[in-house]
Every structure is written in structure tokens, then in C-alpha cells.
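Raw contents of run.cif, mmCIF, C-alpha atoms:
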```cif
data_entry
#
loop_
_atom_site.label_atom_id
_atom_site.label_comp_id
_atom_site.auth_asym_id
_atom_site.auth_seq_id
_atom_site.Cartn_x
_atom_site.Cartn_y
_atom_site.Cartn_z
CA MET Q 167 134.31 91.34 143.12
CA ASN Q 168 135.54 94.34 141.18
CA ARG Q 169 133.63 97.52 140.50
CA THR Q 170 132.72 96.62 136.92
CA LYS Q 171 130.99 93.37 137.95
CA LEU Q 172 129.18 95.11 140.80
CA LEU Q 173 128.03 97.92 138.51
CA THR Q 174 126.89 95.43 135.84
CA ILE Q 175 124.90 93.38 138.37
CA THR Q 176 123.31 96.55 139.79
CA VAL Q 177 122.31 97.84 136.34
CA LEU Q 178 120.86 94.44 135.35
CA GLY Q 179 118.95 94.25 138.62
CA LEU Q 180 117.45 97.72 138.11
CA LEU Q 181 116.58 96.84 134.52
CA LEU Q 182 114.76 93.69 135.66
CA ILE Q 183 112.86 95.65 138.30
CA ASN Q 184 111.78 98.26 135.70
CA ILE Q 185 110.66 95.59 133.24
CA SER Q 186 108.74 93.82 136.01
CA MET Q 187 106.99 97.07 137.00
CA LEU Q 188 106.01 97.77 133.40
CA CYS Q 189 104.58 94.27 133.05
CA VAL Q 190 102.55 94.68 136.24
CA LEU Q 191 101.21 98.06 135.09
CA ILE Q 192 100.26 96.73 131.65
CA ILE Q 193 98.64 93.54 132.94
CA HIS Q 194 96.68 95.24 135.74
CA ARG Q 195 95.66 98.32 133.74
CA PRO Q 196 91.99 99.17 134.42
CA HIS Q 197 89.59 99.00 131.50
CA HIS Q 198 88.16 102.38 130.50
CA PRO Q 199 85.01 102.16 128.38
CA PRO Q 200 84.75 104.52 125.39
CA MET Q 201 83.05 107.85 126.16
CA GLY Q 202 79.84 106.96 124.32
CA GLU Q 203 79.57 103.68 126.17
CA MET Q 204 79.96 105.42 129.52
CA ASN Q 205 77.72 108.45 129.05
CA GLY Q 206 75.57 107.80 126.01
CA PRO Q 207 75.91 110.10 122.99
CA PRO Q 208 78.45 112.93 123.33
CA GLY Q 209 76.98 115.81 125.31
CA GLU Q 210 74.08 113.73 126.59
CA GLY Q 211 75.77 112.87 129.91
CA PRO Q 212 75.39 116.36 131.42
CA LYS Q 213 71.87 116.62 130.03
CA ARG Q 214 70.82 113.37 131.69
CA ILE Q 215 72.52 114.35 134.94
CA ILE Q 216 70.74 117.72 135.06
CA ILE Q 217 67.35 116.20 134.24
CA ALA Q 218 67.80 113.54 136.91
CA ARG Q 219 69.22 115.84 139.59
CA LEU Q 220 66.55 118.50 139.10
CA HIS Q 221 63.74 115.97 138.66
CA PHE Q 222 62.42 117.66 135.52
CA ASP Q 223 58.97 116.59 134.36
CA ASP Q 224 58.22 116.08 130.65
CA ALA Q 225 57.26 119.71 130.01
CA GLN Q 226 60.44 120.95 131.71
CA GLN Q 227 62.53 118.48 129.71
CA GLN Q 228 61.07 119.86 126.48
CA ARG Q 229 61.85 123.43 127.52
CA TYR Q 230 65.32 122.33 128.61
CA GLN Q 231 65.93 120.71 125.20
CA VAL Q 232 65.12 124.02 123.50
CA LEU Q 233 67.64 125.74 125.79
CA ILE Q 234 70.25 123.10 124.97
CA ASP Q 235 69.74 123.49 121.22
CA GLU Q 236 70.08 127.28 121.43
CA HIS Q 237 73.13 126.99 123.68
CA ARG Q 238 74.89 124.47 121.45
CA LYS Q 239 74.32 126.61 118.35
CA LYS Q 240 75.78 129.70 120.00
CA MET Q 241 78.68 127.73 121.50
CA ARG Q 242 79.51 126.21 118.13
CA GLU Q 243 79.61 129.69 116.57
CA LEU Q 244 81.87 131.01 119.33
CA ASN Q 245 84.16 127.98 119.18
CA ASP Q 246 84.48 128.28 115.40
CA ALA Q 247 85.32 131.98 115.70
CA THR Q 248 87.89 131.27 118.40
CA ARG Q 249 89.47 128.50 116.32
CA LYS Q 250 89.82 130.90 113.37
CA LEU Q 251 91.37 133.54 115.63
CA HIS Q 252 93.87 130.99 116.96
CA ASP Q 253 94.73 129.96 113.39
CA SER Q 254 95.33 133.61 112.46
CA LEU Q 255 97.45 134.12 115.56
CA PHE Q 256 99.69 131.14 114.92
CA THR Q 257 99.96 132.01 111.22
CA LEU Q 258 101.79 135.16 112.35
CA LEU Q 259 104.63 132.91 113.47
CA LYS Q 260 105.44 132.21 109.81
CA ASP Q 261 106.34 135.86 109.15
CA ALA Q 262 109.98 136.90 109.34
CA THR Q 263 109.05 139.66 111.76
CA ILE Q 264 105.97 139.23 113.88
CA ASP Q 265 103.45 142.07 113.92
CA GLN Q 266 103.08 142.27 117.70
CA ALA Q 267 100.19 144.75 117.48
CA LYS Q 268 98.24 142.31 115.32
CA ALA Q 269 99.12 139.43 117.68
CA ASP Q 270 97.91 141.48 120.66
CA THR Q 271 94.67 142.33 118.85
CA LEU Q 272 94.04 138.66 118.04
CA MET Q 273 94.75 137.67 121.66
CA GLN Q 274 92.31 140.32 122.88
CA GLN Q 275 89.66 138.96 120.51
CA ILE Q 276 90.33 135.41 121.79
CA ALA Q 277 89.96 136.67 125.36
CA ALA Q 278 86.73 138.46 124.43
CA ASN Q 279 85.40 135.21 122.97
CA GLN Q 280 86.29 133.39 126.18
CA LYS Q 281 84.39 136.03 128.12
CA GLN Q 282 81.40 135.58 125.79
CA THR Q 283 81.62 131.81 126.34
CA ASP Q 284 81.53 132.28 130.10
CA GLU Q 285 78.63 134.73 129.81
CA LEU Q 286 76.78 132.32 127.53
CA ASN Q 287 77.25 129.44 129.98
CA PHE Q 288 76.17 131.59 132.92
CA ASP Q 289 73.08 132.76 131.04
CA HIS Q 290 72.30 129.15 130.07
CA PHE Q 291 72.21 128.12 133.73
CA GLN Q 292 70.11 131.15 134.64
CA LYS Q 293 67.59 129.95 132.06
CA ILE Q 294 67.72 126.42 133.47
CA LYS Q 295 67.04 127.89 136.90
CA SER Q 296 64.07 129.80 135.48
CA ILE Q 297 62.34 126.58 134.38
CA CYS Q 298 62.74 125.03 137.84
CA LYS Q 299 59.75 124.85 140.13
CA PRO Q 300 60.19 126.34 143.62
CA GLU Q 301 60.66 122.89 145.15
CA GLN Q 302 63.49 122.18 142.66
CA LEU Q 303 65.55 125.23 143.57
CA LYS Q 304 67.27 123.44 146.45
CA ASP Q 305 68.40 120.73 144.02
CA PHE Q 306 69.50 123.40 141.55
CA ASN Q 307 71.60 125.12 144.24
CA GLU Q 308 73.25 121.80 145.10
CA LEU Q 309 73.96 121.23 141.40
CA VAL Q 310 75.56 124.68 141.13
CA GLU Q 311 78.14 123.60 143.71
CA GLU Q 312 79.24 120.81 141.35
CA LEU Q 313 79.14 122.60 137.99
CA GLY Q 314 82.91 122.97 137.72
CA ALA Q 315 83.50 119.27 138.20
CA LEU Q 316 80.51 118.27 136.09
CA PHE Q 317 81.62 120.14 132.99
CA ALA Q 318 85.38 119.98 133.41
CA PRO Q 319 87.27 118.54 130.45
CA GLY Q 320 88.08 114.88 130.93
CA ARG Q 321 85.51 114.35 133.66
CA LYS Q 322 84.48 110.81 134.47
#
```
Could you render the structure from this file as C-alpha cells?
Amino acid sequence: MNRTKLLTITVLGLLLINISMLCVLIIHRPHHPPMGEMNGPPGEGPKRIIIARLHFDDAQQQRYQVLIDEHRKKMRELNDATRKLHDSLFTLLKDATIDQAKADTLMQQIAANQKQTDELNFDHFQKIKSICKPEQLKDFNELVEELGALFAPGRK
């Protein structure tokens, strides 16, 4: 058998193995339900988790809903402002010469917005803690340990 035949057989064999692997991956792909189907309406998953984990009564749930509404409004404002800052920053790329001072200023404003977002989130959880009864504080402290995973993008 010459080298060309051996090389051809090897390449065909590897090609068949790759096609077989792709078929197996496609056929045995796990089904992922849409986000709404898995967690209810967008943003309601964390709300339900917090209510359940902290065992909020009806009065606490009403107070918590007020906190959520305030938090969402402020977050929306911050996110809109940050989006506009990013748009302005990337618009600078169209200029023949980039105004680095302006780019630095925009990046500092974006960083300041991120800091405000973190402060807003921290304050939100302080307010949640304030509506907890003393017997719920242990559950709140356990929840705090999981906040990063609970609110991470793409969480399941």
C-alpha cells in the first residue's frame, strides 16, 4: 500500500468519526426549556426564590414588591445611561483620530455607573434584610452566600 492510499484511508476514517460524533451530539442534545417556561416571567425567578427561601409572609411580600419596583426603575435608568455612554464611546472609533481624553472620560463615567449599580444592588439587599424578622435572618445569611450564583448571567 503506498502513502497516498494510506493517507486517503486515514483522512476518510477521521472524517467518518467526526461525522459520527456530530450525529451523536445532535441526536442526544438535552432539551432546554425557554427561560419563561423554566422560571416564569423574566425577573420573577429570583423574586420567587427569595420569597421562598426567606419564608416571607403576605405583608413582607408586599413590602418586597415595593422594593423590587423601586430597584427595577433605578436599574433601568442606570442601564440606559450606561448604554448611551457605550454608544458614545464606540462612536469615537469612527473619527479619523480618536480623542483619547474623551474616551477616558466616557470610560470613567461607565465605571462610575457600574459602581452605582453595585451600590444599588447592595442597598437593595440591605432593604430586603430590613424587612426580615429575626428568625429569618439565618435564612437571609445563607441566601447571601449564594447571591453571586443566583444572579449571575446565564444562571440555570
**Q.** For Ile297 in chain Q, the nearest of the candidates Q:Lys240, Q:Arg214, Q:Arg229, Q:His221, counting only C-alpha atoms
**A.**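 Residue with the minimum atom-to-atom distance to Ile297 in chain Q: Q:Arg229.
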Q) With only C-alpha atoms as the basis for distance, which of Q:Ile193, Q:Ala278, Q:Met241, Q:Val310 is at the shortest distance from Gln292 in chain Q? A)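 For Gln292 in chain Q, the nearest of the candidates is Q:Val310.
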Q: Go ahead and compute the interatomic distance for CA of Leu309 in chain Q and CA of Arg219 in chain Q, in Å to one decimal.
A: 7.4 Å
Q) Rounded to one decimal in Å, what is the spacing between CA of Leu251 in chain Q and CA of Ile234 in chain Q? A)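 Going from CA of Leu251 in chain Q over to CA of Ile234 in chain Q, I get 25.3 Å.
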Q.
Given all atoms listed in the file as the basis, pick out the residue of Q:Met187, Q:Leu182, Q:Ala315, Q:Ile294 nearest to Gln231 in chain Q.
A. Q:Ile294
**Q.** Residues near Ala277 in chain Q, cut-off 12 Å, all atoms listed in the file, skip fewer than 6 positions along chain, as a ChimeraX atom specification
**A.** /Q:244,247-248,251-252,270-271,283-284
Box time for range 260-277 of chain Q: axis-aligned, enclosing all its listed atoms, 4 Å extra on each side; report centre and edge lengths in Å to one decimal, as JSON.
```
{"center_x": 99.8, "center_y": 138.5, "center_z": 117.3, "size_x": 28.3, "size_y": 20.5, "size_z": 24.2}
```
Q: Could you check how far CA of Leu233 in chain Q sits from CA of Gln274 in chain Q, in Å to one decimal?
A: 28.8 Å
Q: For the structure provided, state which residues fall under the PyMOL selection byres ((chain Q and resi 266-269) around 12), and present them as a list of chain:residue names.
A: Q:Leu251, Q:His252, Q:Asp253, Q:Ser254, Q:Leu255, Q:Phe256, Q:Thr257, Q:Leu258, Q:Leu259, Q:Asp261, Q:Thr263, Q:Ile264, Q:Asp265, Q:Asp270, Q:Thr271, Q:Leu272, Q:Met273, Q:Gln274, Q:Gln275, Q:Ile276
Q. So, counting all atoms listed in the file, which residue among Q:Gln302, Q:Asn168, Q:Thr174, Q:Asn279 is closest to Lys250 in chain Q?
A.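 Selected residue with least distance to Lys250 in chain Q: Q:Asn279.
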Q | Residue among Q:Val190, Q:Cys298, Q:Ile185, Q:Val177 lying closest to Ile216 in chain Q, counting only C-alpha atoms | A | Q:Cys298
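Proximity ranking of Q:Gly179, Q:Asn287, Q:Arg238, Q:Asp224 relative to Leu313 in chain Q places Q:Asn287 first, based on only C-alpha atoms.
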